[in-house]
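**Q** Have a look at the structure that comes next, please.
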Amino acid sequence: MIGQTWLPHGTVYGVLLNFRREWTLWAPKMSEPPYQAPPQAPVLYVKTRNTFSAAGAAAPVPGPVQLGATLGLIVGAGHRGPLPGVAGCVLLDDLSLPHDSYYRPAIRQRNRDGFLVCGQPVAPLTPAQLAALQIAVRLNGALVQRVDLCALMRDAATLLADVSAFMTLQPGDVLMLGTDCLADGGRPLACAGDRIEISAPGFAPLCHALIEEPA
């Protein structure tokens with residue numbers, strides 16, 4: 001996994017509502033139609049291969065996009081490190097067009113070309129290291145968000161176990177831990193021409209740009 005650039009070799013799964021702040025904001029709506037109850041299992045979505053882009057890339061955007069700084073767990077066969085079955089960890093920017101609902105798959109918003117920018121993997125972190133990790137998000141040099149992994153609804157080990165209870169993760173797959181919202185429930189917005197840097201202790205900074213999508 002060490003090298004100039006890295007892209008996932010398997011399927012990349014994202015998880016919704018895995019930070020306490022966003023869960024709390026959405027809790028009053030969870031008992032409304034169509035579901036009428038809070039989700040009992042992780043709420044997953046897939047980032048398709050066309051979304052993968054390497055650090056340093058310029059992602060094409062049709063307008064404002066939400067930044068989604070997150071950590072991905074890279075699945076590996078037979079790994080018995082601090083998180084069994086995890087071969088490494090990687091910073092990711094899970095970009096999305098703004099949207100209001102979790103009730104319909106946001107494919108058009110999340111699965112555009114270049115909408116998952118991938119950093120450089122490192123060796124697996126221990127559960128304690130993950131819980132203490134803070135991800136900083138900078139837009140054109142200004143700090144716009146801090147993502148604290150101690151605020152996860154399901155920590156890395158619990159999320160892995162809960163997902164593995166109903167599906168088999170394959171070597172090379174990536175399970176993202178989720179993206180956090182701001183205090184108002186939104187996410188940092190960026191536009192064509194902006195430069196983004198996502199950083200965390202022990203990781204090379206994930207830097208990329210946004211450009212205007214061709215008409």
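Here's how to read the names in the structure tokens: chain A, B, ... by the order shown, residue numbers from 1 in each chain, ligand numbers from 1 in the order shown.
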Got a sec: who's within 12 Å of range 200-205 of chain A, counting only C-alpha atoms, leaving out chain neighbours fewer than 5 positions off, as a count of residues only?

**A** 37

**Q** Hey, what's within 12 Å of Ala37 in chain A if we count only C-alpha atoms and toss same-chain stuff fewer than 6 positions away? As a PyMOL selection string, please?

**A** chain A and resi 26-31

**Q** Could you name the residues that touch Gln109 in chain A at 12 Å or less, counting only C-alpha atoms, but leaving out those on the same chain fewer than 6 positions away, as a count of residues only?

**A** 20

**Q** Give me every helix (DSSP H, G or I) residue in range 48-196 of chain A, going by DSSP on the backbone, as a PDB file with C-alpha atoms, in the first residue's frame.

**A**
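states27.pdb, freshly written:
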ATOM      1  CA  ARG A  49     -15.332   2.774  -8.780  1.00  0.00           C
ATOM      2  CA  ASN A  50     -15.891   5.838 -10.980  1.00  0.00           C
ATOM      3  CA  THR A  51     -15.756   7.981  -7.832  1.00  0.00           C
ATOM      4  CA  ILE A 107     -26.621   7.998  -6.062  1.00  0.00           C
ATOM      5  CA  ARG A 108     -26.767  11.109  -8.219  1.00  0.00           C
ATOM      6  CA  GLN A 109     -25.363  13.197  -5.364  1.00  0.00           C
ATOM      7  CA  ARG A 110     -22.669  10.828  -4.025  1.00  0.00           C
ATOM      8  CA  PRO A 127      -8.906   1.118  19.064  1.00  0.00           C
ATOM      9  CA  ALA A 128      -7.468   3.628  21.549  1.00  0.00           C
ATOM     10  CA  GLN A 129      -5.602   5.486  18.790  1.00  0.00           C
ATOM     11  CA  LEU A 130      -8.748   5.609  16.663  1.00  0.00           C
ATOM     12  CA  ALA A 131     -10.846   6.933  19.536  1.00  0.00           C
ATOM     13  CA  ALA A 132      -8.308   9.708  20.127  1.00  0.00           C
ATOM     14  CA  LEU A 149     -13.631   9.905  16.191  1.00  0.00           C
ATOM     15  CA  CYS A 150     -14.450   9.675  19.890  1.00  0.00           C
ATOM     16  CA  ALA A 151     -17.941  10.898  18.870  1.00  0.00           C
ATOM     17  CA  ALA A 156     -14.477   0.931  14.452  1.00  0.00           C
ATOM     18  CA  ALA A 157     -14.589  -2.494  16.103  1.00  0.00           C
ATOM     19  CA  THR A 158     -18.351  -2.329  16.726  1.00  0.00           C
ATOM     20  CA  LEU A 159     -19.066  -1.118  13.201  1.00  0.00           C
ATOM     21  CA  LEU A 160     -16.986  -3.933  11.709  1.00  0.00           C
ATOM     22  CA  ALA A 161     -18.785  -6.501  13.842  1.00  0.00           C
ATOM     23  CA  ASP A 162     -22.256  -5.135  13.086  1.00  0.00           C
ATOM     24  CA  VAL A 163     -21.628  -4.981   9.333  1.00  0.00           C
ATOM     25  CA  SER A 164     -20.021  -8.451   9.320  1.00  0.00           C
TER      26      SER A 164
END

**Q** Taking the DSSP secondary structure from the backbone, can you list the residues of range 17-213 of chain A that are strand (DSSP E), as a VMD selection string?

**A** chain A and resid 43 to 47 52 to 54 58 to 61 65 to 66 69 to 75 86 to 94 116 to 118 134 to 139 142 to 148 174 to 176 189 to 190 195 to 199 206 to 212

**Q** Excluding Val75 in chain A and its own-chain neighbours fewer than 4 positions away, which residues fall within 10 Å of it when counting only C-alpha atoms? Please give them as a count of residues only.

**A** 17
